[in-house]
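Here is the file run-v8.cif (mmCIF, C-alpha atoms and all ligand atoms).
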data_input
loop_
_atom_site.label_atom_id
_atom_site.label_comp_id
_atom_site.auth_asym_id
_atom_site.auth_seq_id
_atom_site.Cartn_x
_atom_site.Cartn_y
_atom_site.Cartn_z
CA MET A 1 3.97 -107.62 -30.66
CA VAL A 2 6.37 -104.93 -31.84
CA GLY A 3 3.99 -102.01 -32.41
CA VAL A 4 3.42 -100.13 -35.64
CA GLY A 5 5.82 -98.57 -38.16
CA GLY A 6 6.43 -94.95 -39.09
CA ILE A 7 9.77 -94.83 -37.27
CA PHE A 8 12.70 -93.98 -39.52
CA ILE A 9 16.41 -94.16 -38.78
CA ALA A 10 19.46 -93.10 -40.80
CA LEU A 11 22.44 -95.40 -41.06
CA GLY A 12 25.88 -94.16 -42.08
CA SER A 13 29.41 -95.53 -42.18
CA ASN A 14 32.70 -94.31 -43.62
CA LEU A 15 35.23 -96.55 -41.88
CA GLY A 16 36.07 -100.25 -42.29
CA ASP A 17 33.60 -102.63 -43.91
CA ARG A 18 30.96 -99.96 -44.45
CA ALA A 19 28.25 -102.18 -45.95
CA GLY A 20 29.02 -104.86 -43.35
CA HIS A 21 28.50 -102.38 -40.49
CA ILE A 22 25.17 -101.23 -41.91
CA ARG A 23 23.85 -104.71 -42.72
CA SER A 24 24.86 -106.12 -39.37
CA ALA A 25 23.30 -103.12 -37.53
CA LEU A 26 19.98 -103.98 -39.23
CA ARG A 27 20.27 -107.58 -38.02
CA GLU A 28 21.27 -106.51 -34.50
CA LEU A 29 18.25 -104.19 -34.28
CA GLU A 30 15.99 -107.24 -34.61
CA GLU A 31 17.97 -109.45 -32.20
CA ALA A 32 16.02 -108.69 -29.02
CA GLY A 33 12.71 -109.34 -30.79
CA ASP A 34 11.18 -105.96 -29.89
CA VAL A 35 12.14 -104.14 -33.11
CA ARG A 36 11.32 -105.17 -36.65
CA VAL A 37 12.99 -103.63 -39.71
CA LEU A 38 10.09 -103.11 -42.11
CA ARG A 39 12.11 -101.86 -45.07
CA CYS A 40 15.50 -100.45 -45.90
CA SER A 41 16.57 -98.22 -48.78
CA SER A 42 19.45 -99.07 -51.07
CA LEU A 43 22.94 -98.22 -49.80
CA ARG A 44 24.32 -95.06 -51.42
CA GLU A 45 27.87 -93.83 -51.60
CA THR A 46 27.91 -90.15 -50.60
CA GLU A 47 30.43 -87.30 -50.21
CA PRO A 48 31.15 -86.47 -46.56
CA THR A 49 29.31 -83.36 -45.33
CA GLY A 50 31.22 -81.31 -42.73
CA GLY A 51 33.94 -82.69 -40.50
CA PRO A 52 37.69 -82.76 -41.15
CA PRO A 53 38.93 -82.67 -44.77
CA GLY A 54 40.02 -85.86 -46.53
CA GLN A 55 37.45 -88.16 -44.90
CA PRO A 56 36.52 -91.33 -46.79
CA MET A 57 33.23 -91.50 -48.67
CA TYR A 58 30.17 -92.63 -46.71
CA LEU A 59 27.69 -95.35 -47.32
CA ASN A 60 24.23 -94.21 -46.23
CA ALA A 61 20.80 -95.76 -45.96
CA VAL A 62 17.46 -95.17 -44.26
CA ALA A 63 15.30 -97.86 -42.67
CA GLU A 64 11.74 -97.94 -41.37
CA LEU A 65 11.25 -99.68 -38.03
CA GLN A 66 8.30 -101.13 -36.18
CA THR A 67 8.59 -101.11 -32.39
CA GLU A 68 6.92 -100.25 -29.12
CA LEU A 69 10.19 -99.03 -27.61
CA SER A 70 9.94 -95.39 -26.54
CA PRO A 71 12.02 -92.87 -28.51
CA ALA A 72 14.52 -92.66 -25.61
CA ASP A 73 14.82 -96.45 -25.36
CA LEU A 74 15.22 -96.74 -29.11
CA LEU A 75 17.97 -94.07 -29.07
CA ALA A 76 19.72 -96.04 -26.31
CA ARG A 77 19.45 -99.20 -28.42
CA LEU A 78 20.95 -97.37 -31.41
CA GLY A 79 23.81 -96.16 -29.19
CA GLU A 80 24.51 -99.71 -27.95
CA ILE A 81 24.76 -100.96 -31.51
CA GLU A 82 27.08 -98.07 -32.46
CA GLN A 83 29.31 -99.00 -29.51
CA ARG A 84 29.44 -102.65 -30.56
CA HIS A 85 30.76 -101.46 -33.89
CA GLY A 86 33.61 -99.63 -32.23
CA ARG A 87 32.15 -96.16 -32.72
CA GLU A 88 34.48 -93.52 -31.31
CA ARG A 89 33.48 -89.92 -30.74
CA THR A 90 36.57 -87.79 -31.10
CA VAL A 91 35.94 -85.13 -33.76
CA ARG A 92 32.53 -83.68 -34.50
CA ASN A 93 31.32 -85.04 -37.84
CA GLY A 94 34.51 -87.08 -37.94
CA PRO A 95 34.80 -90.48 -39.61
CA ARG A 96 32.78 -93.28 -38.02
CA THR A 97 32.31 -97.02 -38.32
CA LEU A 98 28.60 -96.62 -37.70
CA ASP A 99 26.24 -93.71 -37.09
CA LEU A 100 22.60 -94.44 -36.29
CA ASP A 101 20.32 -91.41 -36.03
CA LEU A 102 16.63 -91.37 -35.19
CA LEU A 103 15.00 -89.32 -37.96
CA LEU A 104 11.26 -89.62 -37.34
CA TYR A 105 9.17 -91.27 -34.64
CA ARG A 106 5.72 -91.34 -36.22
CA ASP A 107 4.25 -87.83 -35.75
CA GLN A 108 6.08 -87.09 -32.51
CA VAL A 109 8.01 -83.88 -31.96
CA ILE A 110 10.69 -84.22 -29.29
CA ASP A 111 12.94 -81.42 -28.12
CA GLU A 112 15.03 -82.80 -25.26
CA PRO A 113 18.74 -82.18 -24.57
CA GLU A 114 19.59 -85.76 -25.63
CA LEU A 115 17.03 -86.23 -28.38
CA THR A 116 15.59 -84.01 -31.09
CA VAL A 117 12.96 -85.49 -33.41
CA PRO A 118 12.50 -84.94 -36.30
CA HIS A 119 16.30 -84.98 -36.60
CA PRO A 120 17.19 -81.27 -36.88
CA ARG A 121 19.47 -81.56 -39.92
CA MET A 122 17.68 -84.29 -41.85
CA TRP A 123 15.92 -82.16 -44.48
CA GLN A 124 19.14 -80.38 -45.51
CA ARG A 125 20.97 -83.62 -46.25
CA ARG A 126 20.60 -85.47 -49.51
CA PHE A 127 22.27 -88.49 -47.96
CA VAL A 128 19.11 -88.67 -45.79
CA THR A 129 16.32 -87.28 -48.00
CA GLU A 130 17.10 -89.43 -51.05
CA PRO A 131 17.07 -92.83 -49.32
CA LEU A 132 14.11 -91.71 -47.19
CA ALA A 133 12.10 -90.88 -50.33
CA GLU A 134 12.83 -94.39 -51.61
CA ILE A 135 10.94 -96.03 -48.74
CA CYS A 136 8.46 -93.36 -47.60
CA ASP A 137 5.49 -92.25 -49.71
CA ALA A 138 5.07 -88.60 -50.71
CA GLN A 139 2.05 -87.96 -48.49
CA ARG A 140 3.80 -89.22 -45.38
CA LEU A 141 6.93 -87.25 -46.31
CA ALA A 142 4.91 -84.04 -46.63
CA ALA A 143 3.32 -84.64 -43.21
CA ALA A 144 6.75 -85.27 -41.69
CA ARG A 145 8.16 -82.08 -43.23
CA ALA A 146 5.37 -80.12 -41.57
CA LEU A 147 6.25 -81.34 -38.07
CA ARG A 148 7.55 -78.47 -35.98
CA PRO A 149 8.74 -78.28 -32.37
CA MET A 150 6.02 -77.23 -30.01
CA VAL A 151 7.22 -73.83 -28.82
CA LEU A 152 5.44 -72.61 -25.72
CA PRO A 153 5.98 -69.06 -24.47
CA ARG A 154 7.79 -69.28 -21.11
CA SER A 155 5.11 -67.24 -19.38
CA GLN A 156 2.22 -69.37 -20.62
CA PRO A 157 1.46 -72.34 -18.37
CA LEU A 158 -0.09 -75.44 -19.88
CA PRO A 159 -3.80 -75.97 -19.29
CA GLY A 160 -4.08 -77.69 -15.91
CA GLY A 161 -0.99 -75.92 -14.60
CA GLY A 162 1.44 -78.73 -15.47
CA PRO A 163 5.06 -78.15 -16.30
CA ALA A 164 5.92 -77.06 -19.85
CA ARG A 165 6.37 -80.16 -21.96
CA SER A 166 8.79 -80.41 -24.80
CA VAL A 167 7.38 -83.59 -26.26
CA GLY A 168 4.32 -83.41 -28.44
CA ASN A 169 2.69 -84.90 -31.44
CA ARG A 170 1.18 -81.78 -32.89
CA ASN A 171 1.34 -81.63 -36.63
CA SER A 172 1.51 -77.93 -37.38
CA GLU A 173 3.14 -75.49 -39.77
N1 LIG B 201 20.84 -86.63 -30.55
C1 LIG B 201 19.87 -85.69 -30.50
N2 LIG B 201 18.88 -85.99 -31.34
C2 LIG B 201 19.23 -87.16 -31.98
C3 LIG B 201 18.59 -87.97 -32.95
N3 LIG B 201 17.41 -87.63 -33.48
N4 LIG B 201 19.23 -89.10 -33.36
C4 LIG B 201 22.05 -86.56 -29.75
C5 LIG B 201 20.44 -89.43 -32.84
N5 LIG B 201 21.10 -88.70 -31.88
C6 LIG B 201 20.49 -87.57 -31.46
O1 LIG B 201 25.27 -87.64 -31.76
C7 LIG B 201 25.47 -86.60 -30.82
C8 LIG B 201 24.29 -86.53 -29.86
O2 LIG B 201 23.13 -86.22 -30.59
C9 LIG B 201 23.97 -87.85 -29.16
O3 LIG B 201 24.52 -87.87 -27.89
C10 LIG B 201 22.44 -87.86 -29.07
O4 LIG B 201 22.00 -87.81 -27.74
P1 LIG B 201 26.48 -88.55 -32.15
O5 LIG B 201 25.96 -89.67 -32.99
O6 LIG B 201 27.24 -88.86 -30.93
O7 LIG B 201 27.43 -87.56 -32.96
P2 LIG B 201 27.41 -87.17 -34.48
O8 LIG B 201 26.59 -88.14 -35.28
O9 LIG B 201 28.81 -86.92 -34.90
O10 LIG B 201 26.73 -85.80 -34.39
P3 LIG B 201 25.48 -85.38 -35.11
O11 LIG B 201 25.24 -83.96 -34.70
O12 LIG B 201 24.37 -86.38 -34.92
O13 LIG B 201 25.96 -85.41 -36.59
P4 LIG B 201 25.05 -85.69 -37.78
O14 LIG B 201 24.21 -84.50 -37.99
O15 LIG B 201 24.40 -87.01 -37.63
O16 LIG B 201 26.10 -85.74 -38.94
N6 LIG B 201 28.16 -87.00 -44.49
C11 LIG B 201 27.66 -88.03 -45.21
N7 LIG B 201 27.83 -88.06 -46.56
N8 LIG B 201 26.98 -89.05 -44.60
C12 LIG B 201 26.75 -89.06 -43.24
O17 LIG B 201 26.13 -90.02 -42.73
N9 LIG B 201 27.03 -87.88 -41.12
C13 LIG B 201 27.44 -86.85 -40.42
C14 LIG B 201 27.06 -86.73 -38.98
C15 LIG B 201 28.22 -85.76 -41.02
N10 LIG B 201 28.43 -85.91 -42.44
C16 LIG B 201 27.96 -86.95 -43.14
C17 LIG B 201 27.25 -87.99 -42.46
MG MG B 202 24.66 -89.37 -34.92
#
Would you kindly transcribe this structure into structure tokens?
Amino acid sequence: MVGVGGIFIALGSNLGDRAGHIRSALRELEEAGDVRVLRCSSLRETEPTGGPPGQPMYLNAVAELQTELSPADLLARLGEIEQRHGRERTVRNGPRTLDLDLLLYRDQVIDEPELTVPHPRMWQRRFVTEPLAEICDAQRLAAARALRPMVLPRSQPLPGGGPARSVGNRNSE
């Protein structure tokens, strides 16, 4: 049992065997048996956005996953796969063998120091929106675009007096 879908990740590479890194990341995601890759977009060659000048072109894709891993556990899994591919973090937006970002986790909104979902820059980036539109229907895309972080005024406690949460699944404008 690997849960239901509606979880989307972005895959990017602009160093080495770019298509090889992306294809093998998709295989590695399924290795432990707790993640299934439901569908993957075509691979697109894209101009680098940001980062140092003169970077090589990227290959980008988006995939839909099915899993019961929590968002944090899935992010950790993505990080492990990046490491296996020799990912080095030296320059922000610098060239990379493999970048795996969590774009959407069903209708969840997450605003933690280590994890923001929906990915905060995803809607501004054609290298994400175009492959996403290939594998995600228009109705689901519109619902995802409407997801907003749950902003609670500092002075307003949650009903029941619990601590302010930054994780929600409210679908609001
Ligand atoms: N983090 C927070 N939220 C997320 C999330 N939803 N998914 C944190 C993944 N990571 C998330 O990421 C930095 C930190 O973001 C992590 O520690 C994680 O806890 P990183 O992968 O180490 O660094 P990065 O990817 O260089 O930074 P960032 O800010 O994720 O960059 P972007 O926005 O992903 O942009 N141009 C083209 N054509 N194609 C590309 O794929 N990619 C980038 C990277 C720039 N230009 C590009 C492309
Ligand atoms: Mg990243």
**Within 9 Å of ligand MG 202 (chain B) (only C-alpha atoms and all ligand atoms), residues as an MDAnalysis selection string** = chainID A and resid 10:12 79 93 98:102
**Message:** Residues proximal to (7.9, -106.1, -33.6) were defined as those with any atom within 7 Å of that point in the file's coordinates, counting only C-alpha atoms. Which are they, as a count of residues only?
**Reply:** 9
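Taking all atoms listed in the file into account, ligand LIG 201 (chain B) has within 6 Å the residues A:Gly12, A:Thr46, A:Glu47, A:Pro48, A:Thr49, A:Gly50, A:Tyr58, A:Asn60, A:Arg92, A:Asn93, A:Asp99, A:Asp101, A:Leu102, A:Leu103, A:Glu114, A:Leu115, A:Thr116, A:Val117, A:His119, A:Arg121, A:Phe127.
Our summary of the geometry notes that CA of His85 in chain A is positioned 9.8 Å from CA of Ile22 in chain A.
Distance-wise, CA of Ser41 in chain A and CA of Ile9 in chain A end up 10.8 Å apart.
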**Asked** Smallest atom-to-atom distance to Pro131 in chain A: which of A:Ser24, A:Ser13, A:Ser42, A:Gln108, using all atoms listed in the file?
**Response**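 Looking at the shortest contact to Pro131 in chain A, the residue is A:Ser42.
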**Request:** Can you pull out every residue within 12 Å of Arg84 in chain A, counting all atoms listed in the file, but drop anything in the same chain fewer than 2 positions away, and send it as a PyMOL selection string?
**Result:** chain A and resi 21+24-25+28-29+77-82+86-88+97-99
**Message:** Which residues are near Pro118 in chain A? Cut-off 10 Å, all atoms listed in the file, ignore same chain within fewer than 5 positions. Put them as a VMD selection string.
**Reply:** chain A and resid 8 102 to 111 123 144 to 145 147 to 149
**Coordinates-based distance that separates CA of Arg27 in chain A from CA of Gln124 in chain A (Å, one decimal)** =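 CA of Arg27 in chain A lies 28.2 Å from CA of Gln124 in chain A.
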**Message:** Using all atoms listed in the file for the distances, tell me which of A:Val4, A:Ile135, A:Leu59, A:Met122 is nearest to Gly16 in chain A.
**Reply:** A:Leu59
